[in-house]
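Quick notes on the structure that follows.
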Amino acid sequence: MRILLIKPKATLPTVLALQGFQCLEPLELGYLAAVVPAGHEVRVLDLRLHRFPDWTLKRELGHFQPDLVGFTAYSHESGHLKRLAGLVRRLLPKTRIVVGGHHATVAPDDCNIPALDYIVRGEGCSPFRALIAALTKGAEPEGISHLLFAGDRYDPAAAAEWPRYPDPETLPLPRRDLWNARAYSCIWACENPRHWQVLFPPVAMARTSYGCKMVCSFCIVPLLCGGVHQPRPAEVVAEELARIQADHVYFSDDENFIDEAYGFELAEALARRGVKKRYFAWTRATTVLHSPELLRRWREIGLDGVFVGFEFATNQELKAACKGGTVAHNERAHETLRQLGIACHAAFMIRPEYGHAEFARLRDYVNAMPPAQCSFTVCTPSPGTADYAAVRPGFWCGDAYELHDCMHPLTPTALPLREFGGLFARQIAEAGRRHPLRVQRHLTRPWELARIVVADRQYQQAFRNLYRDYPRELWD
Ligand code: B12
Ligand code: SF4
């Protein structure tokens with residue numbers, strides 16, 4: 001069979017603007033490609049890299065004539081996914097079309113459309129392998145767990161069951177030979193960068209584990225992984241990282257260091273193999289405080305920065321979100337990271353209910369923090385969570401999947417939408433002045449500086465124009 005795996009391009013200006021700072025490998029498609037047996041031809045088409053995605057897709061379909069097309073999609077890409085699937089169906093009516101990935105996992109009903117044949121939920125390697133085996137024999141893929149038929153055979157009862165993640169030992173090593181590694185990069189922060197340091201190096205993405213033991217109420221991960229953190233075998237990860245060409249690796253784990261013993265085991269496996277990379281990981285403030293020695297060890301083997309969900313500037317909000325940490329934890333973790341020489345990316349959330357006072361409170365808080373790279377999203381519960389079910393009746397745009405990028409409020413804002421977006425943009429601009437590179441006046445290559453200035457301007461603009469992504473009657 002000829003198999004084409006596709007990652008759609010976002011349509012929301014916010015996500016497109018975010019891509020100015022980071023565009024990472026389509027790792028999910030590399031995993032799927034790795035289970036395609038020899039004898040089949042597989043290609044990856046990352047439409048994020050193309051200016052005219054529809055035209056690119058049509059050209060690829062014409063040249064490659066795939067027998068099976070696989071789409072991945074986040075919820076905000078769901079509209080585009082459906083349109084592209086319709087295009088494939090029209091141009092190649094005999095081609096089978098399967099969708100998987102995050103949107104299919106959390107909203108299978110929304111994927112039950114005539115343009116799709118199969119819906120895969122949760123980790124896709126095993127169902128995808130079984131699907132190919134069935135189609136190769138000319139049979140329908142019967143009885144494959146986590147695979148649903150779209151159309152008449154759609155099974156709502158099976159769709160109501162939450163898929164479970166498999167033993168990570170069963171995962172293959174992802175194929176990275178199917179894309180141009182140099183096309184993927186992200187802004188790379190370190191605590192004490194050298195002058196003229198490359199700010200947008202080529203970056204590979206890798207997964208060492210899935211899941212998290214915590215239960216933050218807005219987050220989908222506890223539901224996806226049943227509150228369990230499952231690491232991949234350390235030697236296998238070390239083997240994968242040793243083969244990666246890029247010097248910089250962005251981990252796609254939900255929480256990299258929550259399992260202290262595993263964190264040390266992986267660090268030693270990497271050190272033993274002499275793997276020398278720069279790393280960026282996601283962790284919790286409470287993990288930093290619980291395991292500073294682990295972070296120190298990772299700093300020694302190349303950890304440059306961590307993304308920490310600070311979420312809110314008040315204990316009341318942190319408690320309401322069941323974050324399991326306080327503002328003091330965040331502040332102490334930030335201090336610990338700075339002492340260890342690890343850059344802190346502090347991520348905050350803004351709630352739709354914020355008025356002028358709450359925006360001012362957050363601004364004052366961030367302005368008073370020691371220098372950090374800060375980012376802001378809108379607190380948006382994930383489809384599938386209890387928080388989502390609770391707020392859903394108040395949505396102002398139907399199911400709102402296409403606005404689900406954690407940057408668009410899904411429920412009415414206290415301030416007029418236009419003003420909300422303006423204050424959001426102001427928050428981004430002010431926090432940008434507290435970025436360590438700006439505070440320390442680091443010398444930057446002029447073309448990289450220009451890239452940051454342009455990306456920053458587009459990002460702020462996307463928030464100023466946020467209201468335009470909604471029906472006109474909601475603008476003011
Ligand atoms: C790493 C990560 C990122 C990275 C990189 C993503 C990338 N490649 O561009 C960064 C930080 C850039 C990022 C950005 C964003 N992210 Co993100 N991200 C994640 C995270 C933590 C892991 C995703 C990942 O890469 N996992 C590793 C890969 C290998 O696994 P996977 O994607 O799950 O794929 C497997 C299965 O899903 C399945 N599968 C996937 N596709 C397909 C297709 C087929 C055909 C089949 C059969 C199976 C299949 O098999 C795959 C193989 O193992 C998840 C949380 C999570 N636990 O899923 C959030 C998550 C996916 N992100 C999310 C969001 C909202 C975003 C942003 C919009 C957030 C923002 N405002 O900044 C942006 C948008 C980026 C974009 N361009 O669209 C949401 C999606 C929610 C939703 N309902 O869609 C998640 C779930 C987190 C959350 N808040 O709930 N993200
Ligand atoms: S927000 Fe982070 S710490 Fe909380 S459950 Fe999700 S992954 Fe875990």
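In the structure tokens, chains take letters A, B, ... by order of appearance, with residues numbered from 1 within each chain and ligands from 1 in the order shown.
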* To do: Identify, counting only C-alpha atoms and all ligand atoms, the protein, DNA and RNA residues located within 9 Å of ligand 2, and give them as a list in words.
  => Gly211, Cys212, Lys213, Met214, Val215, Cys216, Ser217, Phe218, Cys219, Ile220, Val221, Pro222, Leu223, Gly227, Asp253, Asp254, Glu255, Ile258, Trp282, Thr283, Arg284, Ala285, Val308, Gly309, Glu311, Cys322, Lys323 and Gly324 of chain A
Could you please take those selected residues and save N, CA and C atoms as an mmCIF file, in the first residue's frame?
data_model
loop_
_atom_site.group_PDB
_atom_site.id
_atom_site.type_symbol
_atom_site.label_atom_id
_atom_site.label_comp_id
_atom_site.auth_asym_id
_atom_site.auth_seq_id
_atom_site.Cartn_x
_atom_site.Cartn_y
_atom_site.Cartn_z
ATOM 1 N N GLY A 211 1.826 10.675 30.616
ATOM 2 C CA GLY A 211 1.037 10.701 31.833
ATOM 3 C C GLY A 211 1.627 11.572 32.918
ATOM 4 N N CYS A 212 0.816 11.692 33.979
ATOM 5 C CA CYS A 212 1.189 12.540 35.109
ATOM 6 C C CYS A 212 0.373 12.034 36.286
ATOM 7 N N LYS A 213 0.942 12.191 37.498
ATOM 8 C CA LYS A 213 0.225 11.655 38.663
ATOM 9 C C LYS A 213 -0.745 12.672 39.260
ATOM 10 N N MET A 214 -0.726 13.890 38.748
ATOM 11 C CA MET A 214 -1.549 14.933 39.363
ATOM 12 C C MET A 214 -2.935 14.999 38.709
ATOM 13 N N VAL A 215 -3.805 15.827 39.269
ATOM 14 C CA VAL A 215 -5.200 15.831 38.788
ATOM 15 C C VAL A 215 -5.727 17.252 38.589
ATOM 16 N N CYS A 216 -4.933 18.129 37.995
ATOM 17 C CA CYS A 216 -5.390 19.509 37.777
ATOM 18 C C CYS A 216 -6.694 19.460 36.977
ATOM 19 N N SER A 217 -7.687 20.232 37.427
ATOM 20 C CA SER A 217 -9.042 20.006 36.914
ATOM 21 C C SER A 217 -9.224 20.441 35.459
ATOM 22 N N PHE A 218 -8.391 21.372 34.972
ATOM 23 C CA PHE A 218 -8.552 21.855 33.588
ATOM 24 C C PHE A 218 -7.843 20.949 32.590
ATOM 25 N N CYS A 219 -7.055 19.981 33.095
ATOM 26 C CA CYS A 219 -6.120 19.246 32.234
ATOM 27 C C CYS A 219 -6.689 17.891 31.812
ATOM 28 N N ILE A 220 -6.390 17.517 30.582
ATOM 29 C CA ILE A 220 -6.895 16.266 30.034
ATOM 30 C C ILE A 220 -6.003 15.076 30.412
ATOM 31 N N VAL A 221 -4.774 15.363 30.791
ATOM 32 C CA VAL A 221 -3.804 14.276 30.966
ATOM 33 C C VAL A 221 -4.243 13.238 32.009
ATOM 34 N N PRO A 222 -4.786 13.660 33.177
ATOM 35 C CA PRO A 222 -5.215 12.629 34.134
ATOM 36 C C PRO A 222 -6.230 11.661 33.526
ATOM 37 N N LEU A 223 -7.101 12.173 32.659
ATOM 38 C CA LEU A 223 -8.092 11.293 32.024
ATOM 39 C C LEU A 223 -7.451 10.395 30.977
ATOM 40 N N GLY A 227 -4.182 8.942 35.614
ATOM 41 C CA GLY A 227 -3.404 9.368 36.786
ATOM 42 C C GLY A 227 -2.100 8.607 36.962
ATOM 43 N N ASP A 253 6.886 15.131 26.794
ATOM 44 C CA ASP A 253 6.243 14.505 27.956
ATOM 45 C C ASP A 253 5.291 15.492 28.632
ATOM 46 N N ASP A 254 4.344 14.947 29.362
ATOM 47 C CA ASP A 254 3.465 15.810 30.141
ATOM 48 C C ASP A 254 4.205 16.331 31.364
ATOM 49 N N GLU A 255 5.011 15.488 31.987
ATOM 50 C CA GLU A 255 5.810 15.880 33.162
ATOM 51 C C GLU A 255 7.078 15.029 33.133
ATOM 52 N N ILE A 258 8.590 13.843 37.240
ATOM 53 C CA ILE A 258 7.716 13.517 38.377
ATOM 54 C C ILE A 258 8.104 12.170 38.988
ATOM 55 N N TRP A 282 9.167 19.754 30.421
ATOM 56 C CA TRP A 282 8.031 20.323 31.164
ATOM 57 C C TRP A 282 8.025 19.701 32.558
ATOM 58 N N THR A 283 7.851 20.552 33.549
ATOM 59 C CA THR A 283 7.790 20.012 34.909
ATOM 60 C C THR A 283 6.919 20.909 35.786
ATOM 61 N N ARG A 284 6.656 20.435 36.993
ATOM 62 C CA ARG A 284 5.839 21.190 37.947
ATOM 63 C C ARG A 284 6.738 21.906 38.940
ATOM 64 N N ALA A 285 6.215 22.988 39.500
ATOM 65 C CA ALA A 285 6.966 23.693 40.540
ATOM 66 C C ALA A 285 7.227 22.744 41.716
ATOM 67 N N VAL A 308 7.187 25.557 33.226
ATOM 68 C CA VAL A 308 6.512 25.290 34.499
ATOM 69 C C VAL A 308 5.137 25.960 34.474
ATOM 70 N N GLY A 309 4.102 25.180 34.735
ATOM 71 C CA GLY A 309 2.750 25.740 34.774
ATOM 72 C C GLY A 309 2.543 26.519 36.065
ATOM 73 N N GLU A 311 0.383 28.884 36.209
ATOM 74 C CA GLU A 311 -1.069 28.990 36.037
ATOM 75 C C GLU A 311 -1.662 30.307 36.543
ATOM 76 N N CYS A 322 -7.353 22.804 41.434
ATOM 77 C CA CYS A 322 -6.747 21.587 42.019
ATOM 78 C C CYS A 322 -5.293 21.431 41.563
ATOM 79 N N LYS A 323 -4.554 22.514 41.533
ATOM 80 C CA LYS A 323 -3.189 22.477 41.013
ATOM 81 C C LYS A 323 -2.239 21.702 41.940
ATOM 82 N N GLY A 324 -2.596 21.646 43.206
ATOM 83 C CA GLY A 324 -1.709 20.919 44.125
ATOM 84 C C GLY A 324 -0.440 21.694 44.424
#
Item to complete: Enumerate as JSON, numbers by chain the residues within 7 Å of ligand 1, counting only C-alpha atoms and all ligand atoms.
Response: {"A": [5, 10, 15, 18, 19, 22, 23, 24, 25, 26, 27, 28, 29, 31, 32, 70, 71, 72, 73, 74, 75, 76, 98, 99, 100, 101, 102, 103, 106, 120, 121, 122, 123, 124, 125, 127, 128, 207, 210, 211, 219, 220, 221, 251, 252, 253, 254, 377, 382, 383, 404, 405, 406, 407]}
Residues as selected, N, CA and C atoms, written as a compact mmCIF listing (two decimals), in the first residue's frame, can you do that?
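See out_12.txt below for the written result:
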# COMPACT_ATOMS: atom_id res chain seq x y z
N LEU A 5 0.61 10.15 5.52
CA LEU A 5 0.26 10.64 6.85
C LEU A 5 0.33 12.17 6.85
N ALA A 10 -2.86 24.83 10.93
CA ALA A 10 -3.88 25.54 11.71
C ALA A 10 -4.45 26.68 10.89
N VAL A 15 -2.67 30.45 16.63
CA VAL A 15 -1.79 29.28 16.51
C VAL A 15 -0.74 29.52 15.43
N LEU A 18 1.83 31.62 16.95
CA LEU A 18 2.65 30.84 17.89
C LEU A 18 3.74 30.08 17.14
N GLN A 19 3.39 29.65 15.95
CA GLN A 19 4.36 28.91 15.14
C GLN A 19 5.56 29.75 14.75
N GLN A 22 7.69 28.61 17.65
CA GLN A 22 8.03 27.20 17.73
C GLN A 22 7.22 26.37 16.75
N CYS A 23 7.94 25.57 16.00
CA CYS A 23 7.28 24.62 15.10
C CYS A 23 8.07 23.32 15.23
N LEU A 24 7.45 22.36 15.89
CA LEU A 24 8.18 21.14 16.25
C LEU A 24 7.77 19.96 15.37
N GLU A 25 8.64 18.96 15.34
CA GLU A 25 8.46 17.81 14.46
C GLU A 25 7.08 17.15 14.61
N PRO A 26 6.55 16.56 13.54
CA PRO A 26 5.29 15.81 13.66
C PRO A 26 5.57 14.41 14.22
N LEU A 27 5.98 14.39 15.48
CA LEU A 27 6.46 13.14 16.09
C LEU A 27 5.42 12.02 16.03
N GLU A 28 4.14 12.42 16.21
CA GLU A 28 3.09 11.40 16.20
C GLU A 28 3.10 10.61 14.89
N LEU A 29 3.39 11.32 13.78
CA LEU A 29 3.39 10.65 12.48
C LEU A 29 4.64 9.79 12.33
N TYR A 31 5.94 8.11 14.77
CA TYR A 31 5.62 6.86 15.50
C TYR A 31 4.77 5.94 14.63
N LEU A 32 3.77 6.53 13.97
CA LEU A 32 2.87 5.71 13.15
C LEU A 32 3.65 5.09 11.99
N GLY A 70 -3.84 8.98 6.48
CA GLY A 70 -4.05 9.13 7.92
C GLY A 70 -3.88 10.59 8.30
N PHE A 71 -4.90 11.14 8.97
CA PHE A 71 -4.82 12.52 9.45
C PHE A 71 -4.61 12.50 10.95
N THR A 72 -3.80 13.43 11.44
CA THR A 72 -3.77 13.70 12.87
C THR A 72 -4.38 15.07 13.05
N ALA A 73 -4.95 15.37 14.21
CA ALA A 73 -5.50 16.73 14.40
C ALA A 73 -5.72 17.04 15.87
N TYR A 74 -5.41 18.28 16.23
CA TYR A 74 -5.84 18.82 17.51
C TYR A 74 -7.26 19.36 17.28
N SER A 75 -7.95 19.70 18.36
CA SER A 75 -9.35 20.14 18.18
C SER A 75 -9.45 21.41 17.34
N HIS A 76 -8.52 22.34 17.52
CA HIS A 76 -8.65 23.59 16.77
C HIS A 76 -8.47 23.36 15.26
N VAL A 98 -8.30 7.55 7.58
CA VAL A 98 -8.36 7.33 9.03
C VAL A 98 -7.92 8.60 9.74
N VAL A 99 -8.59 8.91 10.85
CA VAL A 99 -8.15 10.04 11.66
C VAL A 99 -7.75 9.53 13.04
N GLY A 100 -6.70 10.14 13.60
CA GLY A 100 -6.30 9.82 14.97
C GLY A 100 -5.78 11.09 15.60
N GLY A 101 -5.24 10.96 16.80
CA GLY A 101 -4.68 12.13 17.46
C GLY A 101 -5.62 12.68 18.51
N HIS A 102 -5.29 13.87 18.97
CA HIS A 102 -5.96 14.35 20.17
C HIS A 102 -7.46 14.60 19.98
N HIS A 103 -7.83 15.19 18.83
CA HIS A 103 -9.26 15.50 18.66
C HIS A 103 -10.07 14.21 18.54
N VAL A 106 -10.56 12.78 22.09
CA VAL A 106 -11.48 13.42 23.04
C VAL A 106 -12.87 13.68 22.45
N VAL A 120 -9.30 6.52 15.16
CA VAL A 120 -8.45 5.83 16.15
C VAL A 120 -8.29 6.74 17.35
N ARG A 121 -8.52 6.19 18.53
CA ARG A 121 -8.42 7.00 19.76
C ARG A 121 -7.24 6.55 20.60
N GLY A 122 -6.62 7.52 21.28
CA GLY A 122 -5.49 7.20 22.16
C GLY A 122 -4.24 6.90 21.36
N GLU A 123 -3.32 6.23 22.02
CA GLU A 123 -2.04 5.88 21.39
C GLU A 123 -2.32 5.04 20.12
N GLY A 124 -1.72 5.47 19.00
CA GLY A 124 -2.17 4.92 17.72
C GLY A 124 -1.35 3.80 17.13
N CYS A 125 -0.17 3.51 17.68
CA CYS A 125 0.73 2.57 16.98
C CYS A 125 0.09 1.20 16.78
N PRO A 127 -3.23 0.11 17.05
CA PRO A 127 -4.36 0.05 16.12
C PRO A 127 -3.97 0.32 14.67
N PHE A 128 -3.00 1.20 14.45
CA PHE A 128 -2.61 1.52 13.08
C PHE A 128 -1.95 0.30 12.43
N ARG A 207 9.89 11.74 23.18
CA ARG A 207 8.99 11.45 24.31
C ARG A 207 9.68 10.42 25.20
N TYR A 210 4.64 8.98 29.15
CA TYR A 210 3.37 9.69 29.08
C TYR A 210 2.65 9.63 30.41
N GLY A 211 1.83 10.67 30.62
CA GLY A 211 1.04 10.70 31.83
C GLY A 211 1.63 11.57 32.92
N CYS A 219 -7.06 19.98 33.10
CA CYS A 219 -6.12 19.25 32.23
C CYS A 219 -6.69 17.89 31.81
N ILE A 220 -6.39 17.52 30.58
CA ILE A 220 -6.89 16.27 30.03
C ILE A 220 -6.00 15.08 30.41
N VAL A 221 -4.77 15.36 30.79
CA VAL A 221 -3.80 14.28 30.97
C VAL A 221 -4.24 13.24 32.01
N PHE A 251 11.33 17.85 24.86
CA PHE A 251 10.59 16.66 25.28
C PHE A 251 9.08 16.92 25.19
N SER A 252 8.37 15.93 24.69
CA SER A 252 6.91 16.09 24.55
C SER A 252 6.17 15.45 25.73
N ASP A 253 6.89 15.13 26.79
CA ASP A 253 6.24 14.50 27.96
C ASP A 253 5.29 15.49 28.63
N ASP A 254 4.34 14.95 29.36
CA ASP A 254 3.46 15.81 30.14
C ASP A 254 4.21 16.33 31.36
N THR A 377 -2.06 31.76 28.37
CA THR A 377 -3.13 31.13 27.60
C THR A 377 -4.44 31.44 28.32
N SER A 382 -10.37 21.03 28.97
CA SER A 382 -10.31 20.17 27.79
C SER A 382 -11.60 19.38 27.61
N PRO A 383 -12.00 19.17 26.36
CA PRO A 383 -13.14 18.26 26.14
C PRO A 383 -12.84 16.94 26.84
N HIS A 404 -10.79 25.82 20.04
CA HIS A 404 -10.15 25.22 21.22
C HIS A 404 -8.62 25.18 21.06
N ASP A 405 -8.02 26.33 21.21
CA ASP A 405 -6.55 26.38 21.15
C ASP A 405 -5.99 26.94 22.46
N CYS A 406 -6.82 26.97 23.48
CA CYS A 406 -6.42 27.51 24.78
C CYS A 406 -5.96 28.96 24.66
N MET A 407 -6.40 29.63 23.61
CA MET A 407 -6.11 31.05 23.50
C MET A 407 -7.39 31.84 23.22
| Residue nearest Ile452 of chain A - candidates A:Phe280, A:Tyr365, A:Trp188, A:Trp396, atoms counted: only C-alpha atoms |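 Of A:Phe280, A:Tyr365, A:Trp188, A:Trp396, the one nearest Ile452 of chain A, counting only C-alpha atoms, is A:Trp188.
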Discussion item. When you look at Gly39 of chain A with a cut-off of 10 Å (counting only C-alpha atoms), what residues show up, excluding the ones that are within fewer than 3 positions of it in the same chain? I need them as a ChimeraX atom specification.
Written reply: /A:1-2,36,42
message = Give me the residues near segment 176-182 of chain A as a list in words, where near means some atom within 7 Å (using only C-alpha atoms) and where sequence neighbours in that chain fewer than 4 positions away do not count.
response = Gly30, Arg43, Val44 and Pro202 of chain A
- Write out as a list in words each polymer residue whose atoms come within 10 Å of segment 436-447 of chain A, counting only C-alpha atoms; drop sequence neighbours fewer than 4 positions from it. Ala189, Cys190, Glu191, Asn192, Pro193, Arg194, His195, Trp196, Gln197, Val198, Leu199, Ala343, Cys344, Pro370, Pro371, Ala372, Gln373, Gly432, Arg451, Ile452 and Val453 of chain A
Let's have the selection written as an mmCIF file, in the first residue's frame, with N, CA and C atoms.
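Output saved as again-v5.cif:
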data_model
loop_
_atom_site.group_PDB
_atom_site.id
_atom_site.type_symbol
_atom_site.label_atom_id
_atom_site.label_comp_id
_atom_site.auth_asym_id
_atom_site.auth_seq_id
_atom_site.Cartn_x
_atom_site.Cartn_y
_atom_site.Cartn_z
ATOM 1 N N ALA A 189 15.592 29.064 25.112
ATOM 2 C CA ALA A 189 16.045 29.936 26.203
ATOM 3 C C ALA A 189 17.025 29.201 27.112
ATOM 4 N N CYS A 190 18.054 29.895 27.565
ATOM 5 C CA CYS A 190 18.896 29.347 28.635
ATOM 6 C C CYS A 190 19.135 30.454 29.659
ATOM 7 N N GLU A 191 19.535 30.079 30.826
ATOM 8 C CA GLU A 191 19.624 31.052 31.921
ATOM 9 C C GLU A 191 20.735 32.077 31.685
ATOM 10 N N ASN A 192 21.895 31.625 31.243
ATOM 11 C CA ASN A 192 22.979 32.576 30.984
ATOM 12 C C ASN A 192 23.513 32.398 29.579
ATOM 13 N N PRO A 193 22.756 32.812 28.580
ATOM 14 C CA PRO A 193 23.186 32.562 27.202
ATOM 15 C C PRO A 193 24.435 33.363 26.859
ATOM 16 N N ARG A 194 25.223 32.802 25.941
ATOM 17 C CA ARG A 194 26.388 33.538 25.460
ATOM 18 C C ARG A 194 25.894 34.627 24.524
ATOM 19 N N HIS A 195 26.685 35.693 24.379
ATOM 20 C CA HIS A 195 26.355 36.670 23.358
ATOM 21 C C HIS A 195 26.377 35.962 22.014
ATOM 22 N N TRP A 196 25.518 36.351 21.135
ATOM 23 C CA TRP A 196 25.413 35.804 19.787
ATOM 24 C C TRP A 196 24.969 34.346 19.767
ATOM 25 N N GLN A 197 24.464 33.854 20.893
ATOM 26 C CA GLN A 197 23.980 32.481 20.923
ATOM 27 C C GLN A 197 22.836 32.298 19.914
ATOM 28 N N VAL A 198 22.804 31.121 19.250
ATOM 29 C CA VAL A 198 21.727 30.867 18.291
ATOM 30 C C VAL A 198 20.403 30.758 19.055
ATOM 31 N N LEU A 199 19.431 31.551 18.680
ATOM 32 C CA LEU A 199 18.170 31.559 19.441
ATOM 33 C C LEU A 199 17.110 30.637 18.845
ATOM 34 N N ALA A 343 16.799 27.789 32.780
ATOM 35 C CA ALA A 343 15.841 28.851 32.444
ATOM 36 C C ALA A 343 14.425 28.408 32.768
ATOM 37 N N CYS A 344 13.641 29.344 33.298
ATOM 38 C CA CYS A 344 12.257 29.013 33.676
ATOM 39 C C CYS A 344 11.289 29.666 32.688
ATOM 40 N N PRO A 370 11.269 37.832 39.243
ATOM 41 C CA PRO A 370 12.601 37.853 38.651
ATOM 42 C C PRO A 370 12.456 37.531 37.160
ATOM 43 N N PRO A 371 13.435 37.912 36.329
ATOM 44 C CA PRO A 371 13.280 37.696 34.889
ATOM 45 C C PRO A 371 12.920 36.252 34.554
ATOM 46 N N ALA A 372 11.987 36.109 33.632
ATOM 47 C CA ALA A 372 11.583 34.772 33.174
ATOM 48 C C ALA A 372 10.921 34.936 31.817
ATOM 49 N N GLN A 373 10.969 33.849 31.038
ATOM 50 C CA GLN A 373 10.186 33.849 29.807
ATOM 51 C C GLN A 373 8.770 33.469 30.230
ATOM 52 N N GLY A 432 7.085 40.496 27.962
ATOM 53 C CA GLY A 432 8.226 40.380 27.055
ATOM 54 C C GLY A 432 9.401 41.223 27.523
ATOM 55 N N ARG A 451 13.561 38.198 13.499
ATOM 56 C CA ARG A 451 12.571 37.110 13.537
ATOM 57 C C ARG A 451 11.725 37.194 14.810
ATOM 58 N N ILE A 452 12.398 37.491 15.928
ATOM 59 C CA ILE A 452 11.646 37.581 17.192
ATOM 60 C C ILE A 452 10.698 38.773 17.162
ATOM 61 N N VAL A 453 11.201 39.905 16.662
ATOM 62 C CA VAL A 453 10.362 41.107 16.649
ATOM 63 C C VAL A 453 9.111 40.862 15.792
#
Report as a compact mmCIF listing (two decimals) with N, CA and C atoms, in the first residue's frame all protein, DNA and RNA residues lying within 10 Å of Phe348 of chain A, evaluated on only C-alpha atoms, omitting residues in the same chain fewer than 5 positions from it.
# COMPACT_ATOMS: atom_id res chain seq x y z
N VAL A 308 7.19 25.56 33.23
CA VAL A 308 6.51 25.29 34.50
C VAL A 308 5.14 25.96 34.47
N GLY A 309 4.10 25.18 34.73
CA GLY A 309 2.75 25.74 34.77
C GLY A 309 2.54 26.52 36.06
N PHE A 310 2.84 27.82 36.05
CA PHE A 310 2.56 28.65 37.23
C PHE A 310 1.04 28.82 37.35
N GLU A 311 0.38 28.88 36.21
CA GLU A 311 -1.07 28.99 36.04
C GLU A 311 -1.66 30.31 36.54
N PHE A 312 -1.60 30.56 37.88
CA PHE A 312 -2.26 31.75 38.40
C PHE A 312 -1.37 32.47 39.40
N ALA A 313 -1.76 33.72 39.67
CA ALA A 313 -0.98 34.52 40.62
C ALA A 313 -1.64 34.54 42.00
N LEU A 362 -2.45 40.51 37.59
CA LEU A 362 -1.52 39.60 36.93
C LEU A 362 -0.32 40.36 36.37
N VAL A 366 3.56 39.67 37.40
CA VAL A 366 4.59 39.26 36.44
C VAL A 366 5.71 40.30 36.39
N CYS A 374 7.80 34.32 29.96
CA CYS A 374 6.43 34.02 30.40
C CYS A 374 5.53 33.82 29.20
N SER A 375 4.56 32.95 29.35
CA SER A 375 3.56 32.83 28.30
C SER A 375 2.18 32.80 28.94
N PHE A 376 1.17 33.09 28.14
CA PHE A 376 -0.19 33.22 28.67
C PHE A 376 -1.16 32.49 27.76
N THR A 377 -2.06 31.76 28.37
CA THR A 377 -3.13 31.13 27.60
C THR A 377 -4.44 31.44 28.32
N VAL A 378 -5.53 31.10 27.67
CA VAL A 378 -6.82 31.26 28.33
C VAL A 378 -7.13 29.95 29.03
N CYS A 379 -7.56 30.03 30.26
CA CYS A 379 -7.89 28.80 31.00
C CYS A 379 -9.11 28.17 30.32
Could you list, as a ChimeraX atom specification, every residue within 10 Å of Phe21 of chain A, counting only C-alpha atoms and ignoring same-chain residues fewer than 5 positions away? /A:16,185-188,200,451-452,454-456,459
Query - Atomic distance atom CA of Ala234 of chain A - atom CA of Ala269 of chain A, expressed in Å with one decimal - result: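 So the answer is 6.4 Å.
Atom CA of Ala267 of chain A to atom CA of Asp167 of chain A spans 21.2 Å [interatomic distance, one decimal].
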**Q.** Secondary structure check, helix (DSSP H, G or I) residues of segment 155-208 of chain A, as a ChimeraX atom specification
**A.** /A:156-160,168-170,181-183
One residue among A:Leu466, A:Leu289, A:Cys111, A:Ala242 is nearest to Val275 of chain A when using only C-alpha atoms, and that residue is A:Ala242
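Taking atom CA of Tyr250 of chain A as the reference point, atom CA of Ala204 of chain A is found at 6.2 Å.
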*asked:* When DSSP is applied to the backbone of this structure, which of segment 136-239 of chain A are assigned strand (DSSP E)? Write them out as a ChimeraX atom specification.
replied: /A:147-149,185-186,203-206,209-210,230-231
Could you write out that same residue set with N, CA and C atoms as a tab-separated table (two decimals), in the first residue's frame?
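Result saved to result.tsv:
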chain	number	residue	atom	x	y	z
A	147	LEU	N	-10.20	1.40	17.77
A	147	LEU	CA	-10.51	1.82	16.39
A	147	LEU	C	-12.03	1.76	16.20
A	148	LEU	N	-12.61	2.87	15.78
A	148	LEU	CA	-14.05	2.93	15.53
A	148	LEU	C	-14.30	3.09	14.04
A	149	PHE	N	-15.39	2.53	13.57
A	149	PHE	CA	-15.80	2.79	12.19
A	149	PHE	C	-16.61	4.09	12.19
A	185	SER	N	12.15	24.11	14.41
A	185	SER	CA	12.98	24.85	15.37
A	185	SER	C	12.06	25.47	16.40
A	186	CYS	N	12.67	25.94	17.48
A	186	CYS	CA	11.88	26.73	18.43
A	186	CYS	C	12.81	27.67	19.17
A	203	VAL	N	15.49	21.85	16.19
A	203	VAL	CA	15.11	21.13	17.42
A	203	VAL	C	14.37	19.84	17.06
A	204	ALA	N	14.76	18.75	17.70
A	204	ALA	CA	14.02	17.49	17.54
A	204	ALA	C	13.06	17.35	18.72
A	205	MET	N	12.02	16.55	18.53
A	205	MET	CA	11.11	16.32	19.66
A	205	MET	C	11.20	14.85	20.05
A	206	ALA	N	11.13	14.57	21.33
A	206	ALA	CA	11.22	13.17	21.79
A	206	ALA	C	10.33	12.98	23.00
A	209	SER	N	8.13	9.65	28.29
A	209	SER	CA	7.07	9.04	29.12
A	209	SER	C	5.74	9.60	28.69
A	210	TYR	N	4.64	8.98	29.15
A	210	TYR	CA	3.37	9.69	29.08
A	210	TYR	C	2.65	9.63	30.41
A	230	GLN	N	3.82	6.86	32.96
A	230	GLN	CA	4.44	5.64	32.43
A	230	GLN	C	5.68	6.00	31.62
A	231	PRO	N	6.85	5.71	32.15
A	231	PRO	CA	8.07	6.01	31.40
A	231	PRO	C	8.43	4.91	30.40
